[in-house]
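Working notes for the structure below.
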Amino acid sequence: MGKGQLQTEKLPRHIAIIMDGNGRWAKQHHLPRIMGHRRGSESVREVVRECRQLGIEALTLYAFSTENWNRPKAEIRALMALLKKFIRSEMLELHQNNIRVKMIGDLSKLPEDVMPAVREIMDFTGNNTGMTLNVALSYSGRDDILRAIRNLVADRRTKASDITEDFFSSCLDTAGQPDPDLLIRTSGELRVSNFLLWQIAYSELYITDVLWPDFGKKDLAKALRDFQTRRRRFGLTDEQMRNG
Ligand code: IPE
Ligand code: IPE
Ligand code: MG
């Protein structure tokens, strides 16, 4: 996996990625934006395979934000068509690799014609145990939190004192999964853009200038090597961490 060994016992359990830069990639190549998205879906394939091979437990990919609904209609339509195509072409291989695919976000906002594919891949791969691939669609961190709160308020059985951090985590779209240890953003933007807000409280951040369609397993390895140099203290002192 390239220069510098990866320590297999020090890999993140959960990796989250803000896949940004498809538009810039297309512009660089004098192509329409959708071609950037199409190339971006090849990066998805490569990164998913690599994470599975490394034994990563969960991978969360930010594919479409609630704010992305404000993009031009034609781009949204093309992205939704690409999503359907991706599901159809990848479902079998994902299943064969024992990957459970979970679409997270406010799926009620998705166009009716993409829902059968979305439901199908979640049902088909739902019992797989090798890795969880969360695809964030019509997702935002604030919306994730608000939907959880609305459900709690509607339920009425929950007492205020029941609402611990662990309990609240179990009300979010990523219920049952560890928080991301590593958050990667491509294309150099130094912001979170409303991705997993609650879940990234203690994630290590890795931002690269590489555009998402150019991001491959070498870049992933680089991010992981960087992650392995981090000292995660979770608010404690170095000394406390050493005496662990
Ligand atoms: C990320 O690429 C994909 C989505 C947000 C759907 P962009 O489309 O944001 O690419 P840039 O930021 O314009 O380069
Ligand atoms: C974040 O990228 C959303 C996804 C990668 C799906 P954006 O391109 O939408 O983010 P901003 O607008 O640069 O913050
Ligand atoms: Mg962008």
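Labels for the structure tokens follow display order: chains A, B, ..., residues from 1 in each chain, ligands from 1.
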**Request:** Could you please extract the residues within 6 Å of ligand 1, counting only C-alpha atoms and all ligand atoms, and hand them back as a count of residues only?
**Result:** 8
**ligand 3 neighbours within 12 Å using only C-alpha atoms and all ligand atoms, as a ChimeraX atom specification** = /A:18-26,33,36-37,40,62-65,67-68,71,185-193,211-212
The selected residues should be written to file as a short mmCIF file (atom, residue, chain, number, x, y, z; two decimals), in the first residue's frame (atoms: N, CA, C and O atoms).
data_model
loop_
_atom_site.label_atom_id
_atom_site.label_comp_id
_atom_site.auth_asym_id
_atom_site.auth_seq_id
_atom_site.Cartn_x
_atom_site.Cartn_y
_atom_site.Cartn_z
N ILE A 18 -16.18 13.61 2.98
CA ILE A 18 -16.89 14.65 2.23
C ILE A 18 -16.27 14.64 0.83
O ILE A 18 -15.15 15.09 0.63
N MET A 19 -17.01 14.06 -0.11
CA MET A 19 -16.48 13.85 -1.46
C MET A 19 -16.70 15.12 -2.27
O MET A 19 -17.72 15.26 -2.94
N ASP A 20 -15.76 16.03 -2.22
CA ASP A 20 -15.97 17.33 -2.87
C ASP A 20 -15.01 17.52 -4.04
O ASP A 20 -13.93 16.92 -4.07
N GLY A 21 -15.42 18.34 -5.00
CA GLY A 21 -14.53 18.72 -6.09
C GLY A 21 -14.85 18.13 -7.45
O GLY A 21 -14.06 18.30 -8.40
N ASN A 22 -16.00 17.50 -7.58
CA ASN A 22 -16.36 16.93 -8.88
C ASN A 22 -16.50 18.02 -9.95
O ASN A 22 -16.07 17.85 -11.09
N GLY A 23 -17.11 19.13 -9.55
CA GLY A 23 -17.31 20.24 -10.48
C GLY A 23 -15.99 20.83 -10.93
O GLY A 23 -15.77 21.10 -12.12
N ARG A 24 -15.08 21.02 -9.97
CA ARG A 24 -13.77 21.59 -10.31
C ARG A 24 -12.97 20.64 -11.21
O ARG A 24 -12.27 21.07 -12.12
N TRP A 25 -13.11 19.36 -10.95
CA TRP A 25 -12.42 18.37 -11.79
C TRP A 25 -12.92 18.49 -13.23
O TRP A 25 -12.14 18.51 -14.18
N ALA A 26 -14.24 18.60 -13.39
CA ALA A 26 -14.83 18.70 -14.73
C ALA A 26 -14.34 19.97 -15.42
O ALA A 26 -13.97 19.95 -16.60
N ARG A 33 -20.22 19.45 -15.71
CA ARG A 33 -20.10 19.05 -14.31
C ARG A 33 -20.47 17.59 -14.09
O ARG A 33 -19.85 16.89 -13.28
N GLY A 36 -17.83 15.13 -14.08
CA GLY A 36 -17.07 15.08 -12.83
C GLY A 36 -17.75 14.15 -11.83
O GLY A 36 -17.09 13.37 -11.14
N HIS A 37 -19.07 14.23 -11.77
CA HIS A 37 -19.81 13.34 -10.86
C HIS A 37 -19.62 11.89 -11.30
O HIS A 37 -19.49 10.99 -10.47
N GLY A 40 -16.41 10.78 -10.30
CA GLY A 40 -16.44 10.67 -8.84
C GLY A 40 -17.00 9.33 -8.40
O GLY A 40 -16.56 8.75 -7.40
N TYR A 62 -20.50 11.29 2.00
CA TYR A 62 -21.45 12.41 1.82
C TYR A 62 -21.66 12.56 0.32
O TYR A 62 -20.79 13.05 -0.40
N ALA A 63 -22.82 12.13 -0.15
CA ALA A 63 -23.08 12.12 -1.59
C ALA A 63 -23.96 13.28 -2.04
O ALA A 63 -23.84 13.77 -3.16
N PHE A 64 -24.88 13.71 -1.15
CA PHE A 64 -25.81 14.78 -1.53
C PHE A 64 -26.38 15.41 -0.27
O PHE A 64 -26.98 14.72 0.56
N SER A 65 -26.18 16.72 -0.12
CA SER A 65 -26.60 17.38 1.12
C SER A 65 -28.00 17.97 0.95
O SER A 65 -28.49 18.15 -0.17
N GLU A 67 -28.67 20.94 1.37
CA GLU A 67 -28.44 22.20 0.66
C GLU A 67 -28.26 21.99 -0.85
O GLU A 67 -28.53 22.89 -1.65
N ASN A 68 -27.80 20.81 -1.23
CA ASN A 68 -27.58 20.54 -2.66
C ASN A 68 -28.89 20.53 -3.46
O ASN A 68 -28.87 20.64 -4.69
N ARG A 71 -29.30 23.31 -6.02
CA ARG A 71 -28.51 23.36 -7.27
C ARG A 71 -29.45 23.37 -8.48
O ARG A 71 -30.64 23.07 -8.36
N ARG A 185 -11.85 15.27 3.90
CA ARG A 185 -12.51 16.12 2.91
C ARG A 185 -11.57 16.33 1.75
O ARG A 185 -10.42 16.73 1.95
N THR A 186 -12.06 16.11 0.55
CA THR A 186 -11.25 16.36 -0.65
C THR A 186 -11.50 17.78 -1.14
O THR A 186 -12.46 18.44 -0.73
N SER A 187 -10.59 18.25 -2.02
CA SER A 187 -10.71 19.56 -2.69
C SER A 187 -10.43 20.78 -1.83
O SER A 187 -10.75 21.89 -2.23
N GLY A 188 -9.85 20.54 -0.66
CA GLY A 188 -9.22 21.64 0.06
C GLY A 188 -10.07 22.60 0.86
O GLY A 188 -9.54 23.47 1.54
N GLU A 189 -11.38 22.47 0.80
CA GLU A 189 -12.23 23.39 1.57
C GLU A 189 -12.14 23.08 3.06
O GLU A 189 -12.28 21.94 3.47
N LEU A 190 -11.92 24.15 3.87
CA LEU A 190 -11.73 23.94 5.31
C LEU A 190 -13.04 24.11 6.06
O LEU A 190 -13.20 25.01 6.88
N ARG A 191 -14.01 23.29 5.71
CA ARG A 191 -15.28 23.37 6.45
C ARG A 191 -15.98 22.02 6.45
O ARG A 191 -15.61 21.10 5.72
N VAL A 192 -17.01 21.95 7.28
CA VAL A 192 -17.71 20.68 7.52
C VAL A 192 -18.97 20.57 6.67
O VAL A 192 -19.49 19.47 6.44
N SER A 193 -19.48 21.72 6.17
CA SER A 193 -20.65 21.73 5.29
C SER A 193 -21.82 20.88 5.79
O SER A 193 -22.44 20.15 5.01
N LEU A 211 -8.80 16.48 -5.81
CA LEU A 211 -10.22 16.53 -6.14
C LEU A 211 -10.80 15.12 -6.06
O LEU A 211 -10.11 14.15 -6.37
N TRP A 212 -12.06 15.01 -5.68
CA TRP A 212 -12.63 13.67 -5.45
C TRP A 212 -12.44 12.71 -6.64
O TRP A 212 -12.04 11.56 -6.46
#
**Asked** If you run DSSP on this backbone, which residues of region 93-202 of chain A come out as strand (DSSP E), and could you give them as a PyMOL selection string?
**Response** chain A and resi 99-104+131-139+182-185
Let me see the file: selected residues, N, CA, C and O atoms, as a PDB file, in the first residue's frame.
ATOM      1  N   ILE A  99     -20.944  -6.387   2.212  1.00  0.00           N
ATOM      2  CA  ILE A  99     -21.107  -4.984   2.634  1.00  0.00           C
ATOM      3  C   ILE A  99     -22.594  -4.665   2.791  1.00  0.00           C
ATOM      4  O   ILE A  99     -23.398  -4.958   1.909  1.00  0.00           O
ATOM      5  N   ARG A 100     -22.916  -4.094   3.927  1.00  0.00           N
ATOM      6  CA  ARG A 100     -24.287  -3.646   4.173  1.00  0.00           C
ATOM      7  C   ARG A 100     -24.381  -2.182   3.743  1.00  0.00           C
ATOM      8  O   ARG A 100     -23.611  -1.342   4.218  1.00  0.00           O
ATOM      9  N   VAL A 101     -25.298  -1.878   2.844  1.00  0.00           N
ATOM     10  CA  VAL A 101     -25.445  -0.496   2.382  1.00  0.00           C
ATOM     11  C   VAL A 101     -26.628   0.141   3.095  1.00  0.00           C
ATOM     12  O   VAL A 101     -27.724  -0.410   3.117  1.00  0.00           O
ATOM     13  N   LYS A 102     -26.357   1.290   3.689  1.00  0.00           N
ATOM     14  CA  LYS A 102     -27.413   2.011   4.387  1.00  0.00           C
ATOM     15  C   LYS A 102     -27.470   3.423   3.811  1.00  0.00           C
ATOM     16  O   LYS A 102     -26.461   4.127   3.801  1.00  0.00           O
ATOM     17  N   MET A 103     -28.618   3.810   3.293  1.00  0.00           N
ATOM     18  CA  MET A 103     -28.780   5.183   2.818  1.00  0.00           C
ATOM     19  C   MET A 103     -29.250   6.003   4.010  1.00  0.00           C
ATOM     20  O   MET A 103     -30.250   5.635   4.658  1.00  0.00           O
ATOM     21  N   ILE A 104     -28.543   7.062   4.333  1.00  0.00           N
ATOM     22  CA  ILE A 104     -28.948   7.884   5.476  1.00  0.00           C
ATOM     23  C   ILE A 104     -29.323   9.284   5.000  1.00  0.00           C
ATOM     24  O   ILE A 104     -28.913   9.713   3.921  1.00  0.00           O
ATOM     25  N   MET A 131     -18.857  -4.899   6.366  1.00  0.00           N
ATOM     26  CA  MET A 131     -18.637  -3.459   6.534  1.00  0.00           C
ATOM     27  C   MET A 131     -19.979  -2.772   6.320  1.00  0.00           C
ATOM     28  O   MET A 131     -20.798  -3.257   5.549  1.00  0.00           O
ATOM     29  N   THR A 132     -20.188  -1.663   7.006  1.00  0.00           N
ATOM     30  CA  THR A 132     -21.374  -0.851   6.718  1.00  0.00           C
ATOM     31  C   THR A 132     -20.956   0.329   5.862  1.00  0.00           C
ATOM     32  O   THR A 132     -20.034   1.062   6.218  1.00  0.00           O
ATOM     33  N   LEU A 133     -21.619   0.474   4.729  1.00  0.00           N
ATOM     34  CA  LEU A 133     -21.400   1.636   3.865  1.00  0.00           C
ATOM     35  C   LEU A 133     -22.623   2.536   3.992  1.00  0.00           C
ATOM     36  O   LEU A 133     -23.714   2.197   3.534  1.00  0.00           O
ATOM     37  N   ASN A 134     -22.445   3.666   4.670  1.00  0.00           N
ATOM     38  CA  ASN A 134     -23.529   4.649   4.768  1.00  0.00           C
ATOM     39  C   ASN A 134     -23.373   5.635   3.625  1.00  0.00           C
ATOM     40  O   ASN A 134     -22.307   6.235   3.474  1.00  0.00           O
ATOM     41  N   VAL A 135     -24.421   5.795   2.848  1.00  0.00           N
ATOM     42  CA  VAL A 135     -24.394   6.810   1.792  1.00  0.00           C
ATOM     43  C   VAL A 135     -25.344   7.923   2.222  1.00  0.00           C
ATOM     44  O   VAL A 135     -26.543   7.690   2.377  1.00  0.00           O
ATOM     45  N   ALA A 136     -24.791   9.103   2.449  1.00  0.00           N
ATOM     46  CA  ALA A 136     -25.600  10.217   2.941  1.00  0.00           C
ATOM     47  C   ALA A 136     -26.237  10.945   1.765  1.00  0.00           C
ATOM     48  O   ALA A 136     -25.562  11.565   0.948  1.00  0.00           O
ATOM     49  N   LEU A 137     -27.551  10.860   1.706  1.00  0.00           N
ATOM     50  CA  LEU A 137     -28.339  11.416   0.594  1.00  0.00           C
ATOM     51  C   LEU A 137     -29.388  12.349   1.167  1.00  0.00           C
ATOM     52  O   LEU A 137     -30.120  11.942   2.069  1.00  0.00           O
ATOM     53  N   SER A 138     -29.500  13.535   0.650  1.00  0.00           N
ATOM     54  CA  SER A 138     -30.413  14.504   1.228  1.00  0.00           C
ATOM     55  C   SER A 138     -30.162  14.550   2.741  1.00  0.00           C
ATOM     56  O   SER A 138     -31.071  14.486   3.554  1.00  0.00           O
ATOM     57  N   TYR A 139     -28.878  14.595   3.061  1.00  0.00           N
ATOM     58  CA  TYR A 139     -28.439  14.527   4.453  1.00  0.00           C
ATOM     59  C   TYR A 139     -27.882  15.877   4.890  1.00  0.00           C
ATOM     60  O   TYR A 139     -27.193  16.555   4.128  1.00  0.00           O
ATOM     61  N   LEU A 182     -12.048   9.217  11.731  1.00  0.00           N
ATOM     62  CA  LEU A 182     -11.354  10.028  10.729  1.00  0.00           C
ATOM     63  C   LEU A 182     -12.373  10.631   9.773  1.00  0.00           C
ATOM     64  O   LEU A 182     -13.218   9.920   9.230  1.00  0.00           O
ATOM     65  N   LEU A 183     -12.291  11.951   9.598  1.00  0.00           N
ATOM     66  CA  LEU A 183     -13.130  12.643   8.608  1.00  0.00           C
ATOM     67  C   LEU A 183     -12.213  13.205   7.530  1.00  0.00           C
ATOM     68  O   LEU A 183     -11.335  14.019   7.810  1.00  0.00           O
ATOM     69  N   ILE A 184     -12.421  12.750   6.303  1.00  0.00           N
ATOM     70  CA  ILE A 184     -11.616  13.198   5.165  1.00  0.00           C
ATOM     71  C   ILE A 184     -12.450  14.160   4.336  1.00  0.00           C
ATOM     72  O   ILE A 184     -13.633  13.922   4.108  1.00  0.00           O
ATOM     73  N   ARG A 185     -11.852  15.275   3.901  1.00  0.00           N
ATOM     74  CA  ARG A 185     -12.514  16.123   2.912  1.00  0.00           C
ATOM     75  C   ARG A 185     -11.572  16.334   1.750  1.00  0.00           C
ATOM     76  O   ARG A 185     -10.418  16.728   1.945  1.00  0.00           O
TER      77      ARG A 185
END
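For the set A:Thr129, A:Ile200, A:Ile76, A:Arg119, the residue with the smallest atom-to-atom gap to His95 (chain A) is A:Thr129, counting only C-alpha atoms.
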